[in-house]
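Trainee: File name protein.pdb; file contents PDB, C-alpha atoms; full text below.
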```
MODEL        1
ATOM      1  CA  MET A   1     -93.711 -22.821  24.476
ATOM      2  CA  GLU A   2     -90.733 -22.430  22.151
ATOM      3  CA  SER A   3     -91.440 -20.826  18.756
ATOM      4  CA  SER A   4     -92.024 -23.112  15.797
ATOM      5  CA  LEU A   5     -91.505 -21.978  12.219
ATOM      6  CA  VAL A   6     -92.566 -22.825   8.692
ATOM      7  CA  VAL A   7     -89.683 -22.390   6.253
ATOM      8  CA  PHE A   8     -90.222 -22.037   2.496
ATOM      9  CA  VAL A   9     -87.457 -22.937   0.032
ATOM     10  CA  THR A  10     -87.731 -23.073  -3.751
ATOM     11  CA  CYS A  11     -85.577 -25.455  -5.805
ATOM     12  CA  PRO A  12     -85.053 -25.947  -9.532
ATOM     13  CA  ASN A  13     -86.190 -29.593  -9.457
ATOM     14  CA  GLN A  14     -87.493 -32.488  -7.384
ATOM     15  CA  LYS A  15     -84.098 -34.187  -7.095
ATOM     16  CA  GLU A  16     -82.432 -31.186  -5.464
ATOM     17  CA  ALA A  17     -85.408 -30.641  -3.146
ATOM     18  CA  GLU A  18     -85.301 -34.284  -2.025
ATOM     19  CA  LYS A  19     -81.539 -34.063  -1.428
ATOM     20  CA  ILE A  20     -81.938 -30.976   0.762
ATOM     21  CA  VAL A  21     -84.883 -32.387   2.728
ATOM     22  CA  ASP A  22     -83.100 -35.707   3.258
ATOM     23  CA  LYS A  23     -79.976 -34.009   4.654
ATOM     24  CA  VAL A  24     -81.763 -31.615   7.013
ATOM     25  CA  LEU A  25     -84.103 -34.383   8.225
ATOM     26  CA  LYS A  26     -81.144 -36.625   9.029
ATOM     27  CA  ALA A  27     -79.502 -33.709  10.855
ATOM     28  CA  ARG A  28     -82.778 -33.301  12.810
ATOM     29  CA  LEU A  29     -83.016 -29.640  11.799
ATOM     30  CA  ILE A  30     -86.611 -30.134  10.639
ATOM     31  CA  ALA A  31     -89.443 -32.390  11.730
ATOM     32  CA  CYS A  32     -91.066 -32.504   8.301
ATOM     33  CA  GLY A  33     -90.449 -31.385   4.739
ATOM     34  CA  ASN A  34     -93.217 -31.256   2.139
ATOM     35  CA  ILE A  35     -92.162 -31.040  -1.519
ATOM     36  CA  LEU A  36     -94.705 -29.483  -3.864
ATOM     37  CA  PRO A  37     -93.896 -29.941  -7.578
ATOM     38  CA  GLY A  38     -95.219 -28.020 -10.538
ATOM     39  CA  MET A  39     -94.729 -24.446  -9.377
ATOM     40  CA  HIS A  40     -94.172 -21.751 -11.984
ATOM     41  CA  SER A  41     -92.203 -18.750 -10.708
ATOM     42  CA  LEU A  42     -91.840 -15.295 -12.229
ATOM     43  CA  PHE A  43     -89.250 -13.042 -10.597
ATOM     44  CA  HIS A  44     -86.746 -10.239 -11.087
ATOM     45  CA  TRP A  45     -83.197 -11.510 -11.579
ATOM     46  CA  GLN A  46     -80.154  -9.546 -12.756
ATOM     47  CA  GLY A  47     -82.175  -6.795 -14.419
ATOM     48  CA  ASN A  48     -84.636  -9.079 -16.192
ATOM     49  CA  ILE A  49     -87.900 -10.818 -15.434
ATOM     50  CA  SER A  50     -87.271 -14.554 -15.321
ATOM     51  CA  SER A  51     -89.730 -17.413 -15.650
ATOM     52  CA  GLU A  52     -88.825 -20.847 -14.244
ATOM     53  CA  GLU A  53     -90.423 -24.121 -13.272
ATOM     54  CA  GLU A  54     -89.582 -24.879  -9.651
ATOM     55  CA  VAL A  55     -90.619 -27.002  -6.694
ATOM     56  CA  LEU A  56     -91.431 -25.651  -3.250
ATOM     57  CA  ILE A  57     -90.267 -27.169   0.016
ATOM     58  CA  ILE A  58     -92.292 -26.418   3.140
ATOM     59  CA  MET A  59     -90.346 -27.310   6.291
ATOM     60  CA  LYS A  60     -91.388 -27.295   9.939
ATOM     61  CA  THR A  61     -88.726 -26.484  12.530
ATOM     62  CA  ARG A  62     -87.956 -24.483  15.657
ATOM     63  CA  GLN A  63     -86.681 -20.913  15.907
ATOM     64  CA  LYS A  64     -83.443 -21.946  17.621
ATOM     65  CA  LEU A  65     -82.492 -24.168  14.644
ATOM     66  CA  LEU A  66     -83.108 -21.608  11.907
ATOM     67  CA  ASP A  67     -79.564 -20.253  11.515
ATOM     68  CA  GLU A  68     -78.101 -23.750  11.250
ATOM     69  CA  LEU A  69     -80.867 -24.820   8.850
ATOM     70  CA  ILE A  70     -80.149 -21.830   6.596
ATOM     71  CA  LYS A  71     -76.429 -22.730   6.491
ATOM     72  CA  TRP A  72     -77.221 -26.329   5.488
ATOM     73  CA  ILE A  73     -79.619 -25.199   2.760
ATOM     74  CA  GLU A  74     -77.183 -22.641   1.358
ATOM     75  CA  THR A  75     -74.436 -25.292   1.251
ATOM     76  CA  GLU A  76     -76.593 -27.804  -0.635
ATOM     77  CA  HIS A  77     -78.567 -25.436  -2.886
ATOM     78  CA  SER A  78     -77.585 -24.762  -6.497
ATOM     79  CA  TYR A  79     -78.951 -21.190  -6.623
ATOM     80  CA  ASN A  80     -76.624 -18.248  -5.930
ATOM     81  CA  VAL A  81     -79.411 -16.663  -3.864
ATOM     82  CA  PRO A  82     -81.805 -19.384  -2.730
ATOM     83  CA  GLU A  83     -85.212 -18.388  -1.432
ATOM     84  CA  ILE A  84     -85.248 -19.225   2.265
ATOM     85  CA  ILE A  85     -88.137 -17.582   4.113
ATOM     86  CA  ALA A  86     -89.173 -18.406   7.667
ATOM     87  CA  LEU A  87     -92.585 -17.562   9.081
ATOM     88  CA  PRO A  88     -93.678 -18.005  12.687
ATOM     89  CA  ILE A  89     -96.371 -20.523  13.515
ATOM     90  CA  VAL A  90     -98.735 -18.460  15.656
ATOM     91  CA  GLY A  91    -101.058 -21.306  16.581
ATOM     92  CA  GLY A  92    -102.062 -24.842  15.830
ATOM     93  CA  SER A  93    -102.524 -28.262  17.297
ATOM     94  CA  ARG A  94    -100.607 -28.496  20.570
ATOM     95  CA  ASP A  95     -99.826 -32.169  19.761
ATOM     96  CA  TYR A  96     -98.401 -31.233  16.348
ATOM     97  CA  LEU A  97     -96.308 -28.383  17.761
ATOM     98  CA  ASN A  98     -94.981 -30.707  20.465
ATOM     99  CA  TRP A  99     -94.140 -33.244  17.751
ATOM    100  CA  ILE A 100     -92.044 -30.629  15.925
ATOM    101  CA  LYS A 101     -90.124 -29.991  19.149
ATOM    102  CA  GLU A 102     -89.627 -33.715  19.861
ATOM    103  CA  GLU A 103     -88.385 -34.541  16.342
ATOM    104  CA  THR A 104     -85.802 -31.776  16.055
ATOM    105  CA  SER A 105     -82.530 -31.534  17.952
TER     106      SER A 105
ENDMDL
END
```
Starting from the file, lay out its structure as structure tokens.

Mentor:
Amino acid sequence: MESSLVVFVTCPNQKEAEKIVDKVLKARLIACGNILPGMHSLFHWQGNISSEEEVLIIMKTRQKLLDELIKWIETEHSYNVPEIIALPIVGGSRDYLNWIKEETS
């Protein structure tokens, strides 16, 4: 079976996260995008430790779509260096994994 992935993306706010998810859903690059509000991030940025309120997007897609998905996110994202991390799905419901395949192009 083809590899499925979970992709994590942080955004500065709900509006931007919804815009990104809407566009990549319509392009059929993901089967699902969950937006989790209320995340507080601490990170190194330009020689300082920054503290920001963010939202997290969790997307489900297929390995073969990852490069195109990354390009879409980078085009729509307001950060200079957006967090885009993909992790393999190593197991799960066969029906759910088939659904991811069916709902993406």

Trainee: For A:Trp72, which residue among A:Met39, A:Leu87, A:Ala17, A:Val24 is the nearest when counting all atoms listed in the file?

Mentor: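 Among the listed residues, A:Val24 lies closest to A:Trp72.
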
Trainee: In Å to one decimal, how far is atom CA of A:Ser50 from atom CA of A:Cys11?

Mentor: 14.6 Å

Trainee: Quick one, how far is atom CA of A:Ile100 from atom CA of A:Lys19?

Mentor: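 The value is 20.6 Å.
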
Trainee: Which residues, protein or nucleic acid, reach to within 12 Å of (-75.6, -28.2, -1.2) in the file's coordinates when using all atoms listed in the file, and can you give that as an MDAnalysis selection string?

Mentor: chainID A and resid 11 15:24 69:80 82

Trainee: Using the chain letters and residue numbers of this document, give as a ChimeraX atom specification the residues selected by the PyMOL selection byres ((chain A and resi 37) around 7).

Mentor: /A:14,35-36,38-39,54-56

Trainee: Output as a PDB file, in the frame of the given file: stretch 41-59 of chain A, completed with N, CA and C atoms.

Mentor:
```
ATOM      1  N   SER A  41     -92.625 -19.984 -11.370  1.00  0.00           N
ATOM      2  CA  SER A  41     -92.203 -18.750 -10.708  1.00  0.00           C
ATOM      3  C   SER A  41     -91.815 -17.691 -11.722  1.00  0.00           C
ATOM      4  N   LEU A  42     -92.242 -16.484 -11.477  1.00  0.00           N
ATOM      5  CA  LEU A  42     -91.840 -15.295 -12.229  1.00  0.00           C
ATOM      6  C   LEU A  42     -91.172 -14.360 -11.232  1.00  0.00           C
ATOM      7  N   PHE A  43     -89.976 -13.843 -11.567  1.00  0.00           N
ATOM      8  CA  PHE A  43     -89.250 -13.042 -10.597  1.00  0.00           C
ATOM      9  C   PHE A  43     -88.225 -12.155 -11.291  1.00  0.00           C
ATOM     10  N   HIS A  44     -87.820 -11.100 -10.602  1.00  0.00           N
ATOM     11  CA  HIS A  44     -86.746 -10.239 -11.087  1.00  0.00           C
ATOM     12  C   HIS A  44     -85.419 -10.918 -10.791  1.00  0.00           C
ATOM     13  N   TRP A  45     -84.528 -10.967 -11.795  1.00  0.00           N
ATOM     14  CA  TRP A  45     -83.197 -11.510 -11.579  1.00  0.00           C
ATOM     15  C   TRP A  45     -82.223 -10.847 -12.543  1.00  0.00           C
ATOM     16  N   GLN A  46     -81.223 -10.183 -12.006  1.00  0.00           N
ATOM     17  CA  GLN A  46     -80.154  -9.546 -12.756  1.00  0.00           C
ATOM     18  C   GLN A  46     -80.685  -8.642 -13.864  1.00  0.00           C
ATOM     19  N   GLY A  47     -81.647  -7.798 -13.501  1.00  0.00           N
ATOM     20  CA  GLY A  47     -82.175  -6.795 -14.419  1.00  0.00           C
ATOM     21  C   GLY A  47     -83.230  -7.281 -15.390  1.00  0.00           C
ATOM     22  N   ASN A  48     -83.623  -8.522 -15.294  1.00  0.00           N
ATOM     23  CA  ASN A  48     -84.636  -9.079 -16.192  1.00  0.00           C
ATOM     24  C   ASN A  48     -85.744  -9.735 -15.379  1.00  0.00           C
ATOM     25  N   ILE A  49     -86.854 -10.009 -16.042  1.00  0.00           N
ATOM     26  CA  ILE A  49     -87.900 -10.818 -15.434  1.00  0.00           C
ATOM     27  C   ILE A  49     -87.700 -12.237 -15.933  1.00  0.00           C
ATOM     28  N   SER A  50     -87.505 -13.151 -14.994  1.00  0.00           N
ATOM     29  CA  SER A  50     -87.271 -14.554 -15.321  1.00  0.00           C
ATOM     30  C   SER A  50     -88.530 -15.368 -15.078  1.00  0.00           C
ATOM     31  N   SER A  51     -88.610 -16.485 -15.775  1.00  0.00           N
ATOM     32  CA  SER A  51     -89.730 -17.413 -15.650  1.00  0.00           C
ATOM     33  C   SER A  51     -89.150 -18.817 -15.569  1.00  0.00           C
ATOM     34  N   GLU A  52     -89.413 -19.518 -14.461  1.00  0.00           N
ATOM     35  CA  GLU A  52     -88.825 -20.847 -14.244  1.00  0.00           C
ATOM     36  C   GLU A  52     -89.838 -21.809 -13.637  1.00  0.00           C
ATOM     37  N   GLU A  53     -89.684 -23.068 -13.958  1.00  0.00           N
ATOM     38  CA  GLU A  53     -90.423 -24.121 -13.272  1.00  0.00           C
ATOM     39  C   GLU A  53     -89.613 -24.490 -12.030  1.00  0.00           C
ATOM     40  N   GLU A  54     -90.267 -24.569 -10.899  1.00  0.00           N
ATOM     41  CA  GLU A  54     -89.582 -24.879  -9.651  1.00  0.00           C
ATOM     42  C   GLU A  54     -90.439 -25.825  -8.815  1.00  0.00           C
ATOM     43  N   VAL A  55     -89.861 -26.282  -7.718  1.00  0.00           N
ATOM     44  CA  VAL A  55     -90.619 -27.002  -6.694  1.00  0.00           C
ATOM     45  C   VAL A  55     -90.462 -26.221  -5.399  1.00  0.00           C
ATOM     46  N   LEU A  56     -91.441 -26.360  -4.527  1.00  0.00           N
ATOM     47  CA  LEU A  56     -91.431 -25.651  -3.250  1.00  0.00           C
ATOM     48  C   LEU A  56     -91.295 -26.656  -2.121  1.00  0.00           C
ATOM     49  N   ILE A  57     -90.387 -26.371  -1.210  1.00  0.00           N
ATOM     50  CA  ILE A  57     -90.267 -27.169   0.016  1.00  0.00           C
ATOM     51  C   ILE A  57     -90.888 -26.355   1.149  1.00  0.00           C
ATOM     52  N   ILE A  58     -91.730 -27.011   1.926  1.00  0.00           N
ATOM     53  CA  ILE A  58     -92.292 -26.418   3.140  1.00  0.00           C
ATOM     54  C   ILE A  58     -91.758 -27.246   4.302  1.00  0.00           C
ATOM     55  N   MET A  59     -90.974 -26.612   5.170  1.00  0.00           N
ATOM     56  CA  MET A  59     -90.346 -27.310   6.291  1.00  0.00           C
ATOM     57  C   MET A  59     -90.898 -26.786   7.612  1.00  0.00           C
TER      58      MET A  59
END
```
